[in-house]
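The next block is run.pdb, given as PDB, C-alpha atoms.
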ATOM      1  CA  MET A 867     -29.823 -38.678  54.894
ATOM      2  CA  ALA A 868     -27.427 -38.873  57.757
ATOM      3  CA  ASP A 869     -25.610 -42.197  57.836
ATOM      4  CA  ARG A 870     -22.253 -40.467  57.877
ATOM      5  CA  LEU A 871     -22.856 -38.210  60.841
ATOM      6  CA  VAL A 872     -21.029 -38.440  64.135
ATOM      7  CA  TYR A 873     -23.390 -38.761  67.096
ATOM      8  CA  SER A 874     -22.467 -38.119  70.678
ATOM      9  CA  PRO A 875     -23.660 -40.598  73.320
ATOM     10  CA  LEU A 876     -27.335 -40.377  74.032
ATOM     11  CA  PRO A 877     -29.472 -37.559  72.714
ATOM     12  CA  ILE A 878     -28.287 -35.483  69.910
ATOM     13  CA  ALA A 879     -31.042 -33.523  68.674
ATOM     14  CA  LEU A 880     -34.062 -33.085  66.776
ATOM     15  CA  LEU A 881     -37.359 -32.968  65.610
ATOM     16  CA  ILE A 882     -40.652 -31.487  65.014
ATOM     17  CA  SER A 883     -43.576 -29.516  66.014
ATOM     18  CA  VAL A 884     -46.533 -28.117  64.209
ATOM     19  CA  LEU A 885     -45.841 -24.941  62.428
ATOM     20  CA  ALA A 886     -48.066 -22.000  62.273
ATOM     21  CA  VAL A 887     -48.455 -21.461  58.609
ATOM     22  CA  LEU A 888     -51.659 -21.302  56.690
ATOM     23  CA  SER A 889     -52.817 -24.888  56.318
ATOM     24  CA  SER A 890     -51.535 -27.354  58.887
ATOM     25  CA  VAL A 891     -50.430 -30.930  58.543
ATOM     26  CA  HIS A 892     -50.327 -32.598  61.933
ATOM     27  CA  GLY A 893     -49.014 -36.058  61.460
ATOM     28  CA  ILE A 894     -46.795 -38.191  59.319
ATOM     29  CA  GLY A 895     -45.670 -37.774  55.749
ATOM     30  CA  VAL A 896     -43.155 -39.841  53.815
ATOM     31  CA  ASN A 897     -40.061 -38.936  51.776
ATOM     32  CA  TYR A 898     -40.341 -40.000  48.132
ATOM     33  CA  GLY A 899     -36.860 -40.671  46.805
ATOM     34  CA  LEU A 900     -36.105 -41.534  43.194
ATOM     35  CA  VAL A 901     -32.636 -43.115  43.400
ATOM     36  CA  GLY A 902     -33.666 -46.370  41.783
ATOM     37  CA  ASP A 903     -34.150 -47.836  38.325
ATOM     38  CA  ASN A 904     -37.131 -50.032  39.186
ATOM     39  CA  LEU A 905     -39.522 -47.643  40.929
ATOM     40  CA  PRO A 906     -43.233 -47.267  40.089
ATOM     41  CA  GLN A 907     -44.494 -44.465  37.900
ATOM     42  CA  PRO A 908     -45.238 -41.257  39.850
ATOM     43  CA  SER A 909     -48.985 -41.592  39.228
ATOM     44  CA  ALA A 910     -48.939 -45.020  40.902
ATOM     45  CA  VAL A 911     -46.924 -43.593  43.788
ATOM     46  CA  VAL A 912     -49.482 -40.837  44.353
ATOM     47  CA  ASP A 913     -52.207 -43.486  44.443
ATOM     48  CA  LEU A 914     -50.148 -45.446  46.989
ATOM     49  CA  TYR A 915     -49.905 -42.375  49.232
ATOM     50  CA  LYS A 916     -53.662 -41.897  49.014
ATOM     51  CA  SER A 917     -54.556 -45.526  49.643
ATOM     52  CA  ASN A 918     -52.379 -45.559  52.765
ATOM     53  CA  SER A 919     -53.718 -42.216  54.098
ATOM     54  CA  ILE A 920     -50.223 -40.685  54.156
ATOM     55  CA  ASP A 921     -50.504 -37.036  55.202
ATOM     56  CA  GLY A 922     -47.700 -35.481  53.175
ATOM     57  CA  MET A 923     -44.890 -36.007  50.679
ATOM     58  CA  ARG A 924     -41.344 -34.722  50.464
ATOM     59  CA  ILE A 925     -39.347 -34.800  47.235
ATOM     60  CA  PHE A 926     -35.699 -33.810  46.968
ATOM     61  CA  ASN A 927     -35.917 -31.850  43.715
ATOM     62  CA  PRO A 928     -38.746 -30.374  41.636
ATOM     63  CA  ASN A 929     -39.222 -33.431  39.435
ATOM     64  CA  HIS A 930     -41.826 -32.413  36.885
ATOM     65  CA  ASP A 931     -43.172 -35.936  36.379
ATOM     66  CA  VAL A 932     -43.916 -36.093  40.102
ATOM     67  CA  LEU A 933     -45.413 -32.609  40.107
ATOM     68  CA  GLU A 934     -47.702 -33.519  37.204
ATOM     69  CA  ALA A 935     -48.822 -36.673  39.022
ATOM     70  CA  LEU A 936     -49.630 -34.637  42.130
ATOM     71  CA  ARG A 937     -52.015 -32.268  40.350
ATOM     72  CA  GLY A 938     -55.378 -32.350  42.083
ATOM     73  CA  SER A 939     -54.243 -34.832  44.728
ATOM     74  CA  ASN A 940     -54.307 -32.368  47.660
ATOM     75  CA  ILE A 941     -51.244 -34.111  49.152
ATOM     76  CA  PRO A 942     -49.182 -31.438  50.973
ATOM     77  CA  LEU A 943     -45.752 -31.304  49.335
ATOM     78  CA  ILE A 944     -42.269 -30.312  50.481
ATOM     79  CA  VAL A 945     -39.948 -29.621  47.539
ATOM     80  CA  GLY A 946     -36.151 -29.519  47.696
ATOM     81  CA  VAL A 947     -33.728 -27.321  45.792
ATOM     82  CA  GLU A 948     -30.889 -29.313  44.254
ATOM     83  CA  HIS A 949     -27.466 -28.565  45.691
ATOM     84  CA  LYS A 950     -26.048 -27.622  42.296
ATOM     85  CA  ASP A 951     -28.545 -24.748  42.181
ATOM     86  CA  LEU A 952     -27.710 -23.205  45.564
ATOM     87  CA  GLN A 953     -24.929 -20.878  44.400
ATOM     88  CA  PRO A 954     -26.779 -19.557  41.309
ATOM     89  CA  LEU A 955     -29.966 -19.002  43.309
ATOM     90  CA  ALA A 956     -28.026 -17.239  46.061
ATOM     91  CA  SER A 957     -26.228 -14.880  43.709
ATOM     92  CA  ASP A 958     -28.936 -14.055  41.181
ATOM     93  CA  ALA A 959     -32.446 -12.945  42.092
ATOM     94  CA  SER A 960     -33.593 -13.471  38.509
ATOM     95  CA  ALA A 961     -32.440 -17.092  38.664
ATOM     96  CA  ALA A 962     -34.525 -17.531  41.805
ATOM     97  CA  ASN A 963     -37.502 -15.972  40.065
ATOM     98  CA  ASP A 964     -37.080 -18.319  37.083
ATOM     99  CA  TRP A 965     -36.799 -21.318  39.427
ATOM    100  CA  VAL A 966     -40.008 -20.371  41.210
ATOM    101  CA  GLN A 967     -41.915 -19.688  37.992
ATOM    102  CA  THR A 968     -40.820 -22.973  36.383
ATOM    103  CA  ASN A 969     -41.112 -25.309  39.349
ATOM    104  CA  ILE A 970     -43.700 -23.800  41.684
ATOM    105  CA  ALA A 971     -45.890 -21.179  40.034
ATOM    106  CA  ALA A 972     -46.533 -23.408  37.005
ATOM    107  CA  TYR A 973     -48.119 -26.010  39.306
ATOM    108  CA  SER A 974     -49.447 -23.834  42.115
ATOM    109  CA  THR A 975     -53.115 -23.950  41.150
ATOM    110  CA  SER A 976     -53.300 -27.729  41.492
ATOM    111  CA  VAL A 977     -50.408 -28.834  43.738
ATOM    112  CA  ALA A 978     -50.481 -28.206  47.507
ATOM    113  CA  PHE A 979     -46.993 -26.838  48.137
ATOM    114  CA  ARG A 980     -46.048 -26.696  51.818
ATOM    115  CA  TYR A 981     -42.369 -25.719  52.047
ATOM    116  CA  ILE A 982     -39.385 -25.182  49.814
ATOM    117  CA  VAL A 983     -36.219 -26.773  51.260
ATOM    118  CA  VAL A 984     -33.082 -24.843  50.343
ATOM    119  CA  GLY A 985     -30.238 -27.251  51.036
ATOM    120  CA  ASN A 986     -30.400 -30.667  52.700
ATOM    121  CA  GLU A 987     -27.703 -31.293  55.330
ATOM    122  CA  VAL A 988     -25.244 -28.769  53.859
ATOM    123  CA  ILE A 989     -24.590 -26.890  57.116
ATOM    124  CA  PRO A 990     -21.766 -26.803  58.012
ATOM    125  CA  GLY A 991     -19.904 -27.315  54.731
ATOM    126  CA  ASP A 992     -18.764 -25.713  51.508
ATOM    127  CA  LEU A 993     -22.309 -24.867  50.398
ATOM    128  CA  ALA A 994     -23.440 -23.431  53.724
ATOM    129  CA  GLN A 995     -22.650 -19.856  52.720
ATOM    130  CA  TYR A 996     -25.235 -19.994  49.922
ATOM    131  CA  VAL A 997     -28.165 -21.275  51.967
ATOM    132  CA  LEU A 998     -29.502 -18.061  53.507
ATOM    133  CA  PRO A 999     -29.147 -15.817  50.421
ATOM    134  CA  ALA A1000     -30.798 -18.521  48.302
ATOM    135  CA  MET A1001     -33.607 -18.806  50.847
ATOM    136  CA  GLN A1002     -34.092 -15.036  50.777
ATOM    137  CA  ASN A1003     -34.138 -14.851  46.975
ATOM    138  CA  ILE A1004     -36.578 -17.734  46.624
ATOM    139  CA  GLN A1005     -38.875 -16.344  49.326
ATOM    140  CA  THR A1006     -38.875 -12.962  47.588
ATOM    141  CA  ALA A1007     -39.717 -14.637  44.292
ATOM    142  CA  LEU A1008     -42.548 -16.606  45.903
ATOM    143  CA  ASP A1009     -43.936 -13.462  47.507
ATOM    144  CA  SER A1010     -43.716 -11.566  44.222
ATOM    145  CA  ALA A1011     -45.660 -14.347  42.517
ATOM    146  CA  GLY A1012     -48.339 -14.161  45.194
ATOM    147  CA  LEU A1013     -47.584 -17.672  46.415
ATOM    148  CA  GLN A1014     -48.086 -18.359  50.119
ATOM    149  CA  VAL A1015     -45.328 -20.928  50.478
ATOM    150  CA  ASN A1016     -42.601 -20.699  53.112
ATOM    151  CA  VAL A1017     -38.912 -21.409  52.676
ATOM    152  CA  SER A1018     -36.535 -23.151  55.062
ATOM    153  CA  THR A1019     -33.507 -25.444  55.076
ATOM    154  CA  SER A1020     -33.063 -28.975  56.374
ATOM    155  CA  VAL A1021     -30.194 -29.735  58.753
ATOM    156  CA  ALA A1022     -28.624 -32.874  60.164
ATOM    157  CA  LEU A1023     -27.820 -33.304  63.831
ATOM    158  CA  SER A1024     -24.177 -32.619  63.089
ATOM    159  CA  VAL A1025     -25.074 -28.940  63.597
ATOM    160  CA  LEU A1026     -25.150 -29.698  67.329
ATOM    161  CA  GLY A1027     -21.951 -29.611  69.298
ATOM    162  CA  SER A1028     -23.721 -30.474  72.544
ATOM    163  CA  SER A1029     -26.879 -32.542  72.923
ATOM    164  CA  TYR A1030     -26.837 -34.288  76.300
ATOM    165  CA  PRO A1031     -28.685 -33.655  78.432
ATOM    166  CA  PRO A1032     -31.229 -32.157  76.024
ATOM    167  CA  SER A1033     -31.263 -28.808  77.856
ATOM    168  CA  ALA A1034     -27.543 -28.467  77.028
ATOM    169  CA  GLY A1035     -28.280 -28.573  73.301
ATOM    170  CA  ALA A1036     -26.129 -26.047  71.438
ATOM    171  CA  PHE A1037     -24.874 -25.516  67.908
ATOM    172  CA  THR A1038     -21.223 -26.013  67.054
ATOM    173  CA  PRO A1039     -19.423 -22.677  66.574
ATOM    174  CA  GLU A1040     -19.061 -23.395  62.847
ATOM    175  CA  ALA A1041     -22.740 -24.248  62.416
ATOM    176  CA  GLN A1042     -23.906 -21.336  64.548
ATOM    177  CA  THR A1043     -22.307 -18.896  62.095
ATOM    178  CA  TYR A1044     -24.955 -19.965  59.596
ATOM    179  CA  MET A1045     -27.764 -21.171  61.853
ATOM    180  CA  GLU A1046     -28.237 -17.992  63.877
ATOM    181  CA  PRO A1047     -29.102 -15.732  60.893
ATOM    182  CA  ILE A1048     -31.161 -18.513  59.306
ATOM    183  CA  ILE A1049     -33.186 -18.891  62.495
ATOM    184  CA  ARG A1050     -33.733 -15.135  62.596
ATOM    185  CA  PHE A1051     -34.975 -15.281  59.010
ATOM    186  CA  VAL A1052     -37.418 -18.165  59.503
ATOM    187  CA  ALA A1053     -38.632 -16.553  62.729
ATOM    188  CA  SER A1054     -39.431 -13.356  60.827
ATOM    189  CA  ARG A1055     -41.494 -15.358  58.337
ATOM    190  CA  GLY A1056     -43.246 -17.718  60.751
ATOM    191  CA  SER A1057     -41.473 -20.614  59.048
ATOM    192  CA  PRO A1058     -40.135 -23.728  60.783
ATOM    193  CA  LEU A1059     -36.627 -25.082  60.870
ATOM    194  CA  LEU A1060     -36.438 -28.480  59.169
ATOM    195  CA  VAL A1061     -34.386 -31.195  60.867
ATOM    196  CA  ASN A1062     -33.444 -34.775  60.017
ATOM    197  CA  VAL A1063     -33.598 -36.974  63.137
ATOM    198  CA  TYR A1064     -32.264 -40.524  63.236
ATOM    199  CA  PRO A1065     -32.268 -42.338  66.588
ATOM    200  CA  TYR A1066     -31.132 -45.392  64.607
ATOM    201  CA  PHE A1067     -27.678 -43.961  63.922
ATOM    202  CA  ALA A1068     -27.287 -42.669  67.464
ATOM    203  CA  TYR A1069     -28.127 -46.146  68.753
ATOM    204  CA  ARG A1070     -25.939 -47.937  66.211
ATOM    205  CA  ASP A1071     -22.924 -45.818  67.089
ATOM    206  CA  ASN A1072     -23.490 -45.937  70.867
ATOM    207  CA  ALA A1073     -25.199 -49.276  71.514
ATOM    208  CA  ASP A1074     -23.133 -49.719  74.671
ATOM    209  CA  LYS A1075     -24.691 -46.556  76.133
ATOM    210  CA  ILE A1076     -28.189 -46.463  74.620
ATOM    211  CA  ALA A1077     -30.835 -49.117  75.225
ATOM    212  CA  LEU A1078     -32.625 -50.390  72.121
ATOM    213  CA  SER A1079     -35.965 -49.862  73.851
ATOM    214  CA  TYR A1080     -35.090 -46.160  74.343
ATOM    215  CA  ALA A1081     -34.417 -45.827  70.605
ATOM    216  CA  LEU A1082     -37.571 -47.727  69.575
ATOM    217  CA  PHE A1083     -40.128 -45.903  71.793
ATOM    218  CA  THR A1084     -40.649 -49.056  73.862
ATOM    219  CA  SER A1085     -39.174 -48.037  77.228
ATOM    220  CA  GLU A1086     -41.739 -48.479  79.979
ATOM    221  CA  GLY A1087     -40.468 -45.641  82.126
ATOM    222  CA  VAL A1088     -38.300 -42.534  82.146
ATOM    223  CA  VAL A1089     -34.748 -43.269  80.997
ATOM    224  CA  VAL A1090     -33.196 -39.793  81.089
ATOM    225  CA  THR A1091     -34.119 -37.082  83.598
ATOM    226  CA  ASP A1092     -33.193 -33.527  82.702
ATOM    227  CA  GLY A1093     -34.412 -31.079  85.322
ATOM    228  CA  ALA A1094     -38.192 -31.013  85.178
ATOM    229  CA  TYR A1095     -38.288 -33.150  82.047
ATOM    230  CA  GLY A1096     -38.296 -36.938  81.843
ATOM    231  CA  TYR A1097     -37.473 -38.755  78.604
ATOM    232  CA  LYS A1098     -38.832 -42.173  77.682
ATOM    233  CA  ASN A1099     -37.481 -42.156  74.127
ATOM    234  CA  LEU A1100     -34.450 -40.928  72.234
ATOM    235  CA  PHE A1101     -36.478 -39.165  69.569
ATOM    236  CA  ASP A1102     -37.904 -36.665  72.075
ATOM    237  CA  ALA A1103     -34.498 -36.106  73.657
ATOM    238  CA  MET A1104     -32.920 -35.395  70.271
ATOM    239  CA  LEU A1105     -35.705 -33.035  69.299
ATOM    240  CA  ASP A1106     -35.576 -31.171  72.610
ATOM    241  CA  ALA A1107     -31.811 -30.757  72.276
ATOM    242  CA  THR A1108     -32.503 -29.047  68.964
ATOM    243  CA  TYR A1109     -35.098 -26.785  70.566
ATOM    244  CA  ALA A1110     -32.637 -25.890  73.323
ATOM    245  CA  ALA A1111     -29.974 -24.998  70.765
ATOM    246  CA  MET A1112     -32.440 -22.810  68.868
ATOM    247  CA  GLU A1113     -33.546 -21.041  72.035
ATOM    248  CA  LYS A1114     -29.935 -20.048  72.736
ATOM    249  CA  VAL A1115     -29.792 -18.100  69.457
ATOM    250  CA  GLY A1116     -33.203 -16.429  69.557
ATOM    251  CA  GLY A1117     -35.330 -19.239  68.116
ATOM    252  CA  ALA A1118     -37.632 -19.909  71.053
ATOM    253  CA  ASP A1119     -40.709 -19.287  68.911
ATOM    254  CA  VAL A1120     -39.516 -21.221  65.846
ATOM    255  CA  ALA A1121     -41.216 -24.567  65.212
ATOM    256  CA  VAL A1122     -39.310 -27.623  64.050
ATOM    257  CA  VAL A1123     -40.490 -30.035  61.388
ATOM    258  CA  VAL A1124     -38.781 -33.409  61.204
ATOM    259  CA  THR A1125     -38.111 -33.861  57.514
ATOM    260  CA  GLU A1126     -36.488 -37.287  57.872
ATOM    261  CA  SER A1127     -36.680 -40.061  60.435
ATOM    262  CA  GLY A1128     -36.711 -43.789  60.006
ATOM    263  CA  TRP A1129     -35.111 -47.160  60.673
ATOM    264  CA  PRO A1130     -33.598 -49.541  58.108
ATOM    265  CA  SER A1131     -34.994 -53.045  57.680
ATOM    266  CA  ASP A1132     -31.724 -54.613  56.476
ATOM    267  CA  GLY A1133     -28.097 -53.924  55.685
ATOM    268  CA  GLY A1134     -26.476 -53.134  59.021
ATOM    269  CA  PHE A1135     -26.359 -53.383  62.801
ATOM    270  CA  ALA A1136     -29.839 -53.666  64.361
ATOM    271  CA  ALA A1137     -31.326 -53.156  60.901
ATOM    272  CA  ASN A1138     -34.141 -55.656  60.593
ATOM    273  CA  ILE A1139     -37.824 -55.739  59.805
ATOM    274  CA  THR A1140     -38.919 -56.070  63.434
ATOM    275  CA  ASN A1141     -37.014 -52.986  64.579
ATOM    276  CA  ALA A1142     -37.981 -50.959  61.511
ATOM    277  CA  GLN A1143     -41.659 -51.752  61.919
ATOM    278  CA  THR A1144     -41.542 -51.034  65.652
ATOM    279  CA  TYR A1145     -39.779 -47.687  65.245
ATOM    280  CA  ASN A1146     -41.855 -46.338  62.388
ATOM    281  CA  GLN A1147     -45.210 -47.469  63.780
ATOM    282  CA  ASN A1148     -44.364 -46.007  67.170
ATOM    283  CA  LEU A1149     -43.240 -42.753  65.541
ATOM    284  CA  ILE A1150     -46.589 -42.530  63.759
ATOM    285  CA  ASN A1151     -48.399 -43.184  67.030
ATOM    286  CA  HIS A1152     -46.261 -40.652  68.908
ATOM    287  CA  VAL A1153     -46.561 -37.536  66.757
ATOM    288  CA  GLY A1154     -49.659 -36.221  68.493
ATOM    289  CA  GLU A1155     -47.934 -36.066  71.877
ATOM    290  CA  GLY A1156     -45.079 -33.631  71.294
ATOM    291  CA  THR A1157     -41.984 -33.619  73.485
ATOM    292  CA  PRO A1158     -41.452 -32.834  77.164
ATOM    293  CA  ARG A1159     -40.051 -29.417  76.240
ATOM    294  CA  ARG A1160     -42.769 -28.623  73.689
ATOM    295  CA  PRO A1161     -45.870 -30.747  74.297
ATOM    296  CA  SER A1162     -47.652 -29.985  71.027
ATOM    297  CA  SER A1163     -48.305 -32.021  67.908
ATOM    298  CA  ILE A1164     -45.345 -33.034  65.750
ATOM    299  CA  GLU A1165     -45.064 -32.842  61.989
ATOM    300  CA  ALA A1166     -42.701 -35.551  60.747
ATOM    301  CA  TYR A1167     -41.736 -37.305  57.532
ATOM    302  CA  ILE A1168     -40.569 -40.915  57.476
ATOM    303  CA  PHE A1169     -37.599 -41.822  55.335
ATOM    304  CA  ALA A1170     -38.526 -43.343  52.937
ATOM    305  CA  MET A1171     -41.308 -44.578  50.663
ATOM    306  CA  PHE A1172     -39.253 -47.196  48.767
ATOM    307  CA  ASN A1173     -36.107 -49.233  49.003
ATOM    308  CA  GLU A1174     -33.933 -47.509  46.365
ATOM    309  CA  ASN A1175     -31.517 -49.847  44.596
ATOM    310  CA  GLN A1176     -29.143 -47.180  43.269
ATOM    311  CA  LYS A1177     -28.226 -45.840  46.680
ATOM    312  CA  GLU A1178     -25.097 -46.882  48.546
ATOM    313  CA  ALA A1179     -25.162 -50.565  49.473
ATOM    314  CA  GLY A1180     -26.147 -51.395  53.054
ATOM    315  CA  THR A1181     -28.696 -49.611  55.189
ATOM    316  CA  GLU A1182     -29.052 -46.744  52.680
ATOM    317  CA  ARG A1183     -30.946 -49.075  50.346
ATOM    318  CA  ASN A1184     -33.237 -50.433  53.043
ATOM    319  CA  PHE A1185     -35.151 -47.572  54.629
ATOM    320  CA  GLY A1186     -38.238 -48.083  52.467
ATOM    321  CA  LEU A1187     -41.728 -48.793  53.723
ATOM    322  CA  PHE A1188     -42.457 -50.417  50.366
ATOM    323  CA  TYR A1189     -40.634 -52.501  47.806
ATOM    324  CA  PRO A1190     -40.551 -51.114  44.257
ATOM    325  CA  ASP A1191     -43.415 -53.490  43.353
ATOM    326  CA  GLU A1192     -45.543 -51.475  45.843
ATOM    327  CA  GLN A1193     -45.769 -54.339  48.326
ATOM    328  CA  PRO A1194     -45.113 -53.324  51.949
ATOM    329  CA  VAL A1195     -41.794 -54.296  53.474
ATOM    330  CA  TYR A1196     -43.783 -54.805  56.692
ATOM    331  CA  PRO A1197     -47.314 -53.959  57.824
ATOM    332  CA  ILE A1198     -47.736 -50.364  58.977
ATOM    333  CA  SER A1199     -50.771 -48.154  59.554
ATOM    334  CA  PHE A1200     -50.997 -44.392  59.087
ATOM    335  CA  ALA A1201     -54.553 -44.229  60.399
TER     336      ALA A1201
END
As structure tokens, how would this structure be written, given the file I've shared?
Amino acid sequence: MADRLVYSPLPIALLISVLAVLSSVHGIGVNYGLVGDNLPQPSAVVDLYKSNSIDGMRIFNPNHDVLEALRGSNIPLIVGVEHKDLQPLASDASAANDWVQTNIAAYSTSVAFRYIVVGNEVIPGDLAQYVLPAMQNIQTALDSAGLQVNVSTSVALSVLGSSYPPSAGAFTPEAQTYMEPIIRFVASRGSPLLVNVYPYFAYRDNADKIALSYALFTSEGVVVTDGAYGYKNLFDAMLDATYAAMEKVGGADVAVVVTESGWPSDGGFAANITNAQTYNQNLINHVGEGTPRRPSSIEAYIFAMFNENQKEAGTERNFGLFYPDEQPVYPISFA
């Protein structure tokens, strides 16, 4: 997740829209992280997703215990590729084939795979060069196995050099080197771009310029006017800045899925249960509306299912909707 990112004042970019691939999830899923030593067994976690009517799950690596627990659950699943595997998968098609056979094909008859995420917030950076070739090799391996699963990558808002007003959204020159060919690739496949969107960090770092109500979806009127578009919340402005950046490099028809968004309930500035509950419940309620720039349903994934006690101290440990004992941190409804 993106606690370390630098955000420019007001909108930076992001988020999500329904993608046109095979089966559709229109709504809210939740990231299932495993950086804790006191978390429930995966089978209990799957039951918790079901009992709360959560529409989808994202895991950050192909954990086989989780995959076994998901068999027959019909919960749409996003699976991440671990960063240590990016270079081998990029350079060796047979390694990509082995990865797909071991982690996807072996479970494909009973697990509802939605996307494979090749790299989480690695653009720009030392691993960025491996993202597209790894995506291509994994997609080829999936196609060869007859698996209708699409591949993408997940980016942080640090890929944007300009984000305000939203129509000025543009990639940094360094990020664009990698993003432009990646966007061409996902466009050719009908895949979405995956983006992590955190109004919390934008607000925390610019509280003198951003109203809390604008970050929490509670503004009563338009806060930012950008040509024909009026913005009542920061989430939409961030997402539309991402769309604008994509349009500038040939991605006008590429959907965006928000793979992470959330608000911490403790551990830092404005991190409390009231704000976390307000943000996440309002995000759930908002996904059907789309953004001013793209008024269609949004596919988004809240970060995260649990407070994870082995993450960095502070807000990083307090994004969970649930405590490890499966009790809710605060009431929230996915209905």
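Applied to this file, the PyMOL selection byres ((chain A and resi 904) around 9) selects the residues Gly902, Asp903, Leu905, Pro906, Glu1174, Asn1175, Pro1190 and Asp1191 of chain A.
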Quick one: which residues end up in the PyMOL selection byres ((chain A and resi 974) around 12) for this structure, as a PyMOL selection string? chain A and resi 933-934+936-938+940+942-943+966-973+975-980+1008+1011-1015
Shortest contact to Ser1010 of chain A, candidates A:Ala962, A:Val1088, A:Val1063, A:Ala1201, atoms counted all atoms listed in the file, goes to A:Ala962
Let me have the centre and edge lengths of the axis-aligned box enclosing all listed atoms of segment 1182-1200 of chain A with 3 Å padding on every side, in Å to one decimal, as JSON.
{"center_x": -40.0, "center_y": -49.6, "center_z": 51.5, "size_x": 27.9, "size_y": 16.4, "size_z": 22.2}
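Taking atom CA of Glu987 of chain A and atom CA of Ser1162 of chain A as the two end points, the separation is 25.4 Å.
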